[in-house]
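Everything below belongs to start24.txt, which stores compact mmCIF, C-alpha atoms.
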```txt
# COMPACT_ATOMS: atom_id res chain seq x y z
CA MET S 28 -1.01 105.93 128.87
CA LYS S 29 1.76 108.19 130.15
CA VAL S 30 0.81 111.84 129.74
CA LEU S 31 3.17 114.76 130.30
CA VAL S 32 1.97 117.42 132.73
CA ALA S 33 4.17 120.47 132.22
CA ASP S 34 4.03 123.47 134.56
CA GLN S 35 5.27 127.00 133.86
CA ARG S 36 8.84 126.29 134.91
CA THR S 37 9.05 123.19 132.72
CA VAL S 38 7.69 125.07 129.69
CA THR S 39 10.13 127.94 130.19
CA GLU S 40 13.11 125.60 130.50
CA LEU S 41 12.18 123.40 127.53
CA LEU S 42 11.06 126.20 125.19
CA PRO S 43 13.76 128.89 125.23
CA MET S 44 12.91 132.01 123.24
CA ASP S 45 15.41 131.48 120.42
CA GLU S 46 14.03 128.00 119.75
CA CYS S 47 10.47 129.30 120.03
CA ILE S 48 11.10 131.98 117.38
CA ASP S 49 12.40 129.44 114.88
CA LEU S 50 9.58 127.03 115.76
CA MET S 51 6.94 129.70 115.16
CA GLU S 52 8.45 130.57 111.79
CA ARG S 53 8.29 126.92 110.71
CA THR S 54 4.72 126.65 111.96
CA LEU S 55 3.55 129.76 110.11
CA ARG S 56 5.23 128.54 106.92
CA SER S 57 3.38 125.24 107.31
CA LEU S 58 0.13 127.11 107.79
CA ALA S 59 0.76 129.08 104.59
CA GLY S 60 1.27 125.79 102.76
CA GLY S 61 -2.15 124.53 103.82
CA GLY S 62 -0.71 122.10 106.34
CA ALA S 63 -3.12 122.78 109.19
CA THR S 64 -6.74 122.63 110.28
CA LEU S 65 -7.59 125.84 112.09
CA PRO S 66 -11.21 126.79 112.84
CA LEU S 67 -12.01 130.11 114.44
CA ARG S 68 -11.80 130.05 118.21
CA SER S 69 -14.90 130.07 120.36
CA SER S 70 -15.23 132.86 122.91
CA MET S 71 -17.57 133.00 125.88
CA GLY S 72 -17.96 136.22 127.82
CA LEU S 73 -18.68 136.08 131.54
CA PRO S 74 -21.25 138.20 133.39
CA GLU S 75 -20.51 141.89 133.85
CA GLY S 76 -17.49 141.68 131.55
CA SER S 77 -15.27 140.22 134.25
CA GLY S 78 -13.46 137.90 131.88
CA ARG S 79 -13.66 135.53 128.93
CA MET S 80 -13.06 131.86 128.21
CA LEU S 81 -11.59 130.87 124.84
CA LEU S 82 -11.47 127.47 123.13
CA MET S 83 -8.87 127.22 120.36
CA PRO S 84 -8.71 123.87 118.51
CA SER S 85 -6.32 122.94 115.69
CA ALA S 86 -4.53 120.08 113.94
CA LEU S 87 -1.02 119.95 112.44
CA PRO S 88 -0.49 116.80 110.33
CA SER S 89 3.17 117.73 109.80
CA ILE S 90 3.88 116.93 113.46
CA GLY S 91 1.14 114.32 113.90
CA ALA S 92 -0.75 116.35 116.47
CA LEU S 93 -4.11 117.83 117.23
CA GLY S 94 -5.39 119.60 120.28
CA ALA S 95 -6.83 122.71 121.82
CA LYS S 96 -5.93 125.55 124.10
CA VAL S 97 -8.53 126.28 126.75
CA ILE S 98 -7.81 129.60 128.34
CA THR S 99 -9.41 132.29 130.47
CA ILE S 100 -8.57 135.98 130.17
CA PHE S 101 -9.20 138.18 133.18
CA PRO S 102 -7.73 141.66 132.49
CA ASP S 103 -8.25 142.74 136.11
CA ASN S 104 -5.53 140.29 137.11
CA HIS S 105 -2.92 142.70 135.74
CA GLY S 106 -0.78 144.08 138.53
CA GLY S 107 -1.84 141.34 140.95
CA PRO S 108 -0.43 137.92 141.85
CA TYR S 109 -2.07 136.13 138.88
CA ASP S 110 -1.39 136.41 135.16
CA ALA S 111 -4.33 137.62 133.07
CA HIS S 112 -4.10 134.43 130.97
CA GLN S 113 -4.81 131.10 132.67
CA GLY S 114 -5.34 127.68 131.11
CA VAL S 115 -3.86 124.62 129.47
CA VAL S 116 -2.92 123.29 126.06
CA LEU S 117 -4.22 119.75 125.50
CA LEU S 118 -2.08 117.81 123.03
CA PHE S 119 -3.30 114.60 121.34
CA ASP S 120 -1.78 112.39 118.67
CA ASP S 121 -3.66 112.27 115.37
CA ARG S 122 -3.42 108.49 114.90
CA HIS S 123 -5.51 107.19 117.81
CA GLY S 124 -6.56 110.47 119.44
CA LEU S 125 -4.53 109.68 122.55
CA LEU S 126 -3.84 112.45 125.03
CA ARG S 127 -0.08 113.11 125.11
CA ALA S 128 0.39 116.26 127.16
CA VAL S 129 -1.30 118.83 129.37
CA VAL S 130 0.82 121.96 129.18
CA ASP S 131 0.58 125.23 131.08
CA ALA S 132 -0.94 127.77 128.68
CA THR S 133 0.13 130.86 130.60
CA ALA S 134 3.78 130.15 129.80
CA ILE S 135 3.11 128.99 126.24
CA THR S 136 1.03 132.10 125.49
CA ALA S 137 3.67 134.41 126.93
CA LEU S 138 6.47 132.84 124.91
CA ARG S 139 4.84 132.07 121.56
CA THR S 140 3.07 135.45 121.31
CA ALA S 141 6.36 137.33 121.60
CA ALA S 142 8.11 134.82 119.35
CA VAL S 143 5.53 135.37 116.59
CA SER S 144 6.01 139.13 116.87
CA ALA S 145 9.74 138.53 116.49
CA VAL S 146 9.11 136.44 113.37
CA ALA S 147 6.99 139.23 111.88
CA THR S 148 9.59 141.82 112.86
CA ARG S 149 12.36 139.80 111.23
CA ALA S 150 10.27 139.62 108.05
CA LEU S 151 8.98 143.21 107.93
CA ALA S 152 11.07 145.66 109.96
CA ARG S 153 14.00 147.50 108.41
CA PRO S 154 17.23 145.55 109.08
CA GLU S 155 18.89 148.62 110.60
CA SER S 156 16.15 149.17 113.22
CA THR S 157 17.73 150.09 116.55
CA VAL S 158 15.03 151.80 118.66
CA LEU S 159 12.21 149.74 120.21
CA ALA S 160 9.06 151.13 121.87
CA LEU S 161 6.98 148.95 124.17
CA LEU S 162 3.50 150.15 125.12
CA GLY S 163 2.65 147.89 128.03
CA ALA S 164 4.94 146.63 130.79
CA GLY S 165 3.23 143.38 131.76
CA THR S 166 4.18 139.81 130.90
CA GLN S 167 4.08 140.47 127.16
CA GLY S 168 6.20 143.59 127.54
CA SER S 169 8.91 141.48 129.15
CA THR S 170 8.78 138.61 126.65
CA HIS S 171 8.58 140.94 123.66
CA LEU S 172 11.70 142.73 124.82
CA GLU S 173 13.54 139.41 125.04
CA ALA S 174 12.32 138.27 121.62
CA LEU S 175 12.85 141.49 119.68
CA LEU S 176 16.44 141.79 120.86
CA MET S 177 17.12 138.48 119.10
CA VAL S 178 16.02 139.63 115.64
CA ARG S 179 17.14 143.25 115.30
CA PRO S 180 20.22 145.21 116.53
CA ILE S 181 18.27 147.11 119.19
CA ARG S 182 20.34 149.65 121.12
CA GLN S 183 17.60 151.64 122.85
CA VAL S 184 14.27 150.58 124.42
CA ARG S 185 11.56 152.92 125.66
CA ILE S 186 8.74 151.54 127.82
CA TYR S 187 5.42 153.18 128.58
CA ASP S 188 2.67 151.87 130.83
CA PRO S 189 -0.15 153.77 132.55
CA ASP S 190 1.23 152.25 135.71
CA GLY S 191 4.49 154.16 135.79
CA LYS S 192 5.83 152.08 138.67
CA ARG S 193 5.46 148.90 136.65
CA ALA S 194 7.18 150.48 133.62
CA ARG S 195 10.09 151.62 135.78
CA ALA S 196 10.41 148.21 137.40
CA LEU S 197 10.61 146.47 134.02
CA ALA S 198 13.10 149.02 132.71
CA GLU S 199 15.34 148.71 135.75
CA ARG S 200 15.25 144.91 135.71
CA GLU S 201 15.98 144.61 132.01
CA SER S 202 18.68 147.29 132.09
CA ARG S 203 20.63 145.06 134.45
CA ARG S 204 20.13 142.00 132.24
CA LYS S 205 20.54 143.43 128.74
CA GLU S 206 23.40 145.27 127.09
CA VAL S 207 21.06 147.98 125.79
CA ALA S 208 19.67 151.22 127.18
CA VAL S 209 16.21 150.49 128.61
CA ARG S 210 14.21 153.31 130.16
CA ALA S 211 10.67 154.07 131.21
CA VAL S 212 9.02 157.18 129.78
CA SER S 213 6.04 159.20 130.95
CA THR S 214 3.86 159.15 127.80
CA ALA S 215 3.08 156.77 124.96
CA ARG S 216 4.02 159.48 122.49
CA GLU S 217 7.48 159.82 124.01
CA ALA S 218 7.99 156.09 123.63
CA VAL S 219 6.79 155.93 120.02
CA GLU S 220 8.37 159.01 118.48
CA GLU S 221 11.65 158.08 116.76
CA ALA S 222 11.06 154.37 117.36
CA ASP S 223 11.85 151.98 114.51
CA ILE S 224 9.75 149.17 116.01
CA VAL S 225 6.64 149.57 118.17
CA CYS S 226 4.91 146.78 120.09
CA THR S 227 1.50 147.46 121.65
CA VAL S 228 0.96 144.86 124.37
CA THR S 229 -1.71 146.49 126.53
CA THR S 230 -5.16 145.59 127.83
CA SER S 231 -6.63 148.87 126.62
CA ALA S 232 -9.97 148.85 124.78
CA ALA S 233 -9.28 152.24 123.19
CA PRO S 234 -6.33 153.43 121.06
CA VAL S 235 -3.07 154.01 122.88
CA LEU S 236 -1.16 155.04 119.74
CA GLU S 237 -1.81 157.78 117.18
CA ALA S 238 -0.60 157.83 113.59
CA GLY S 239 1.01 161.25 113.94
CA TRP S 240 3.57 159.88 116.38
CA LEU S 241 5.06 157.35 113.96
CA ARG S 242 8.23 157.94 112.01
CA PRO S 243 8.42 156.86 108.33
CA GLY S 244 9.55 153.26 107.99
CA ALA S 245 8.34 152.14 111.41
CA HIS S 246 7.14 148.59 111.98
CA LEU S 247 4.28 147.86 114.42
CA ASN S 248 3.24 144.68 116.19
CA ALA S 249 -0.31 145.09 117.56
CA VAL S 250 -0.87 142.31 120.08
CA GLY S 251 -3.10 143.28 122.99
CA ALA S 252 -6.62 143.73 121.57
CA TYR S 253 -8.48 140.58 120.55
CA THR S 254 -12.19 141.43 120.11
CA PRO S 255 -14.15 143.36 117.45
CA GLU S 256 -14.87 146.18 119.90
CA THR S 257 -11.33 146.79 121.18
CA ARG S 258 -8.21 148.22 119.57
CA GLU S 259 -4.84 149.69 120.51
CA LEU S 260 -4.27 151.66 117.28
CA ASP S 261 -6.31 154.54 115.92
CA SER S 262 -7.95 154.27 112.49
CA GLU S 263 -5.44 156.56 110.79
CA THR S 264 -2.54 154.33 111.83
CA VAL S 265 -4.18 151.25 110.32
CA CYS S 266 -5.14 153.13 107.14
CA ARG S 267 -1.59 154.38 106.63
CA ALA S 268 0.10 151.03 107.27
CA ARG S 269 0.63 147.97 105.10
CA LEU S 270 -1.31 145.43 107.15
CA PHE S 271 -0.40 141.77 107.64
CA ALA S 272 -2.40 139.23 109.65
CA ASP S 273 -1.45 136.12 111.56
CA ARG S 274 -4.65 134.66 110.07
CA ARG S 275 -6.80 136.63 107.61
CA GLU S 276 -10.07 135.05 108.75
CA SER S 277 -9.35 135.94 112.36
CA VAL S 278 -8.63 139.58 111.55
CA LEU S 279 -11.80 139.85 109.48
CA ARG S 280 -13.90 138.46 112.33
CA GLU S 281 -12.16 139.52 115.53
CA ALA S 282 -9.73 142.43 115.14
CA GLY S 283 -11.05 145.81 116.21
CA GLU S 284 -8.00 147.44 114.63
CA PHE S 285 -9.38 146.36 111.23
CA LEU S 286 -13.12 146.18 111.88
CA ILE S 287 -13.60 149.65 113.36
CA PRO S 288 -12.04 151.60 110.43
CA ALA S 289 -13.83 149.19 108.08
CA ARG S 290 -17.16 150.13 109.67
CA GLU S 291 -16.15 153.77 109.22
CA GLY S 292 -15.86 153.07 105.50
CA ARG S 293 -12.15 153.86 105.42
CA ILE S 294 -10.78 150.41 104.47
CA GLY S 295 -11.98 147.09 103.10
CA GLU S 296 -10.77 143.51 103.03
CA ALA S 297 -8.26 144.38 100.29
CA HIS S 298 -6.38 146.49 102.85
CA ILE S 299 -5.03 143.26 104.36
CA ALA S 300 -1.89 142.62 102.32
CA GLY S 301 -1.85 138.97 103.40
CA GLU S 302 -0.85 136.61 106.17
CA ILE S 303 2.64 136.71 107.65
CA GLY S 304 3.09 133.05 106.71
CA ASP S 305 2.64 134.01 103.05
CA VAL S 306 5.49 136.52 103.42
CA LEU S 307 7.71 133.87 104.99
CA ALA S 308 6.85 131.41 102.21
CA GLY S 309 7.66 133.97 99.51
CA LYS S 310 4.07 134.09 98.24
CA ILE S 311 3.67 137.83 98.78
CA ARG S 312 5.99 140.76 99.24
CA GLY S 313 6.52 142.22 102.69
CA ARG S 314 8.05 145.66 103.10
CA ARG S 315 8.17 147.52 99.78
CA SER S 316 10.25 150.56 100.75
CA ALA S 317 12.35 151.96 103.56
CA GLY S 318 9.72 154.61 104.31
CA GLU S 319 6.70 152.32 104.38
CA ILE S 320 4.93 151.70 107.72
CA THR S 321 4.25 148.00 108.23
CA LEU S 322 1.76 146.56 110.70
CA PHE S 323 1.43 142.99 111.95
CA LYS S 324 -1.88 142.30 113.67
CA ALA S 325 -1.68 139.27 115.95
CA LEU S 326 -4.73 137.67 117.51
CA GLY S 327 -2.98 134.43 118.42
CA ILE S 328 -3.77 131.21 116.58
CA ALA S 329 -4.05 127.69 117.93
CA VAL S 330 -1.42 126.06 115.71
CA GLU S 331 1.19 128.16 117.51
CA ASP S 332 0.14 126.69 120.85
CA LEU S 333 -0.02 123.18 119.40
CA ALA S 334 3.49 123.37 117.93
CA ALA S 335 4.85 124.78 121.18
CA ALA S 336 3.26 122.00 123.25
CA GLN S 337 4.63 119.34 120.90
CA HIS S 338 8.11 120.86 121.21
CA VAL S 339 7.87 120.78 125.01
CA LEU S 340 6.76 117.12 124.92
CA GLU S 341 9.60 116.07 122.64
CA ARG S 342 12.21 117.85 124.75
CA ALA S 343 10.74 116.39 127.95
CA ARG S 344 11.02 112.87 126.55
CA VAL S 345 14.60 113.32 125.36
CA GLU S 346 15.82 115.01 128.54
CA GLY S 347 13.76 113.03 131.02
CA ARG S 348 12.08 116.18 132.29
CA GLY S 349 8.58 116.95 133.52
CA GLU S 350 6.03 114.79 135.26
CA PHE S 351 4.30 111.94 133.42
CA VAL S 352 1.04 110.60 134.80
CA GLU S 353 -1.29 107.77 133.77
CA ILE S 354 -4.39 109.09 131.93
CA GLY S 355 -6.59 107.22 129.45
CA GLY S 356 -5.13 105.04 126.72
CA GLY S 357 -6.67 101.56 127.00
CA ARG S 358 -10.33 100.64 126.66
CA PHE S 359 -12.23 101.47 129.85
CA GLY S 360 -12.90 98.47 132.09
CA THR S 361 -10.21 96.20 130.59
CA ARG S 362 -7.71 96.71 133.39
```
Once more with this new file: its structure as structure tokens, please.
Amino acid sequence: MKVLVADQRTVTELLPMDECIDLMERTLRSLAGGGATLPLRSSMGLPEGSGRMLLMPSALPSIGALGAKVITIFPDNHGGPYDAHQGVVLLFDDRHGLLRAVVDATAITALRTAAVSAVATRALARPESTVLALLGAGTQGSTHLEALLMVRPIRQVRIYDPDGKRARALAERESRRKEVAVRAVSTAREAVEEADIVCTVTTSAAPVLEAGWLRPGAHLNAVGAYTPETRELDSETVCRARLFADRRESVLREAGEFLIPAREGRIGEAHIAGEIGDVLAGKIRGRRSAGEITLFKALGIAVEDLAAAQHVLERARVEGRGEFVEIGGGRFGTR
């Protein structure tokens, strides 16, 4: 059985951001229509809090695929030679359970996470939004900048990171590439004030954004925190915003942004307006007024990885790209 093995470069070349954004929108619409099997991910913490391993299985009958992302998250990798996210997406067909592809998960995670934020921004942010704030200048800061420029007429980008050198490096690099004003700022507040769109893409366990900094009508994508004990937004921000989830069940079980103010007695499950796929499918209303603050909480869901891996496989076959190796297939011992 010929199995695709796709490295980071192959994924990046076969899954350009514009295609990834449209692919994620189709996938989230399919999810809203009940066309997926998506259990909660399993998470295993390592000793002394050094990192975590996640197992994220799913099935998408619409593309004839099932699989899982197996990934490690080591926050201390930030600023070093290795990405904080390491792992693979394993793609199988749903007819015989045959392995079809082993795809680099670092690249898929970087691309699809930003693409999903772009989908949510396209659905929820005011059409005239022109100022973008990025809190976090790592991999997701870079990919979110690329993605958000594709869905709104951004003219100004402000980047904050506790590591000022990293923020300046990203701003200088992207200023040369993009036809927009990109600059690093010295505080998170300076980045957020007057911003129409705010993306929090940090590894912080405590809030990096306060409600008082937000202008009326802002849209937020909260991406970095992924456990019940961690959050990037303070309680007041979440309470003031109209909250949308990538997956309701995940937010109720895993999102500190929701769970911490819920434990404080400030909000309940009804505060979640719905899933972003329901907005895309026309099942629920998104933004209700120009002055409303909207919030998309993303934890990352396995169907996004599965759809991305399937897309990479199909492009690789058509274009004759990637490396195919012999793994499994026939009954053991018959050859």
For Arg200 in chain S, the nearest of the candidates S:Thr227, S:Ala164, S:Ser85, S:Arg149, counting all atoms listed in the file: S:Ala164
Nearest-residue call for Val330 in chain S, choices S:Ile354, S:Ala198, S:Ala238, S:Ala95, using all atoms listed in the file: S:Ala95
Output, as AutoDock Vina command-line options, the centre and edge lengths in Å (one decimal) of the axis-aligned box that contains all listed atoms of range 232-246 of chain S with 4 Å of margin on each side.
```
--center_x -0.2 --center_y 154.9 --center_z 116.4 --size_x 27.5 --size_y 20.7 --size_z 24.8
```
Among the residues S:Ser89, S:Ser69, S:Gln35, S:Thr170, the one that comes closest to Arg53 in chain S [using only C-alpha atoms]: S:Ser89
Atomic separation - CA of Leu82 in chain S relative to CA of Gly94 in chain S, Å: 10.3 Å
Within 7 Å of range 320-329 of chain S, counting all atoms listed in the file, which residues show up once you throw out same-chain ones fewer than 5 positions away? Write them as an mmCIF file with C-alpha atoms, in the coordinates of the input, please.
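What follows is the written file part_30.cif:
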```cif
data_model
loop_
_atom_site.group_PDB
_atom_site.id
_atom_site.type_symbol
_atom_site.label_atom_id
_atom_site.label_comp_id
_atom_site.auth_asym_id
_atom_site.auth_seq_id
_atom_site.Cartn_x
_atom_site.Cartn_y
_atom_site.Cartn_z
ATOM 1 C CA MET S 83 -8.870 127.220 120.360
ATOM 2 C CA PRO S 84 -8.710 123.870 118.510
ATOM 3 C CA SER S 85 -6.320 122.940 115.690
ATOM 4 C CA ALA S 95 -6.830 122.710 121.820
ATOM 5 C CA LYS S 96 -5.930 125.550 124.100
ATOM 6 C CA THR S 140 3.070 135.450 121.310
ATOM 7 C CA ALA S 147 6.990 139.230 111.880
ATOM 8 C CA LEU S 151 8.980 143.210 107.930
ATOM 9 C CA PRO S 243 8.420 156.860 108.330
ATOM 10 C CA GLY S 244 9.550 153.260 107.990
ATOM 11 C CA ALA S 245 8.340 152.140 111.410
ATOM 12 C CA HIS S 246 7.140 148.590 111.980
ATOM 13 C CA LEU S 247 4.280 147.860 114.420
ATOM 14 C CA ASN S 248 3.240 144.680 116.190
ATOM 15 C CA ALA S 249 -0.310 145.090 117.560
ATOM 16 C CA VAL S 250 -0.870 142.310 120.080
ATOM 17 C CA TYR S 253 -8.480 140.580 120.550
ATOM 18 C CA ALA S 268 0.100 151.030 107.270
ATOM 19 C CA ARG S 269 0.630 147.970 105.100
ATOM 20 C CA LEU S 270 -1.310 145.430 107.150
ATOM 21 C CA PHE S 271 -0.400 141.770 107.640
ATOM 22 C CA ALA S 272 -2.400 139.230 109.650
ATOM 23 C CA ASP S 273 -1.450 136.120 111.560
ATOM 24 C CA ARG S 314 8.050 145.660 103.100
#
```
Top pick for closest residue to Thr148 in chain S, considering S:Leu162, S:Val225, S:Ala111, S:Val184 and counting all atoms listed in the file: S:Val225
Arg185 in chain S: which residues within 7 Å, counting all atoms listed in the file, same-chain residues fewer than 3 positions away excluded, as a compact mmCIF listing (two decimals) with C-alpha atoms, in the coordinates of the input?
```
# COMPACT_ATOMS: atom_id res chain seq x y z
CA LEU S 159 12.21 149.74 120.21
CA ALA S 160 9.06 151.13 121.87
CA LEU S 161 6.98 148.95 124.17
CA VAL S 209 16.21 150.49 128.61
CA ARG S 210 14.21 153.31 130.16
CA ALA S 211 10.67 154.07 131.21
CA VAL S 212 9.02 157.18 129.78
CA ALA S 218 7.99 156.09 123.63
```
Nearby residues (only C-alpha atoms) at most 12 Å from Leu73 in chain S, same-chain spacing under 5 positions excluded, as a PyMOL selection string: chain S and resi 78-81+99-101
Among listed residues S:Ala215, S:Thr264, S:Glu220, S:Ser316, nearest Arg153 in chain S (using only C-alpha atoms):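 Closest to Arg153 in chain S, using only C-alpha atoms: S:Ser316.
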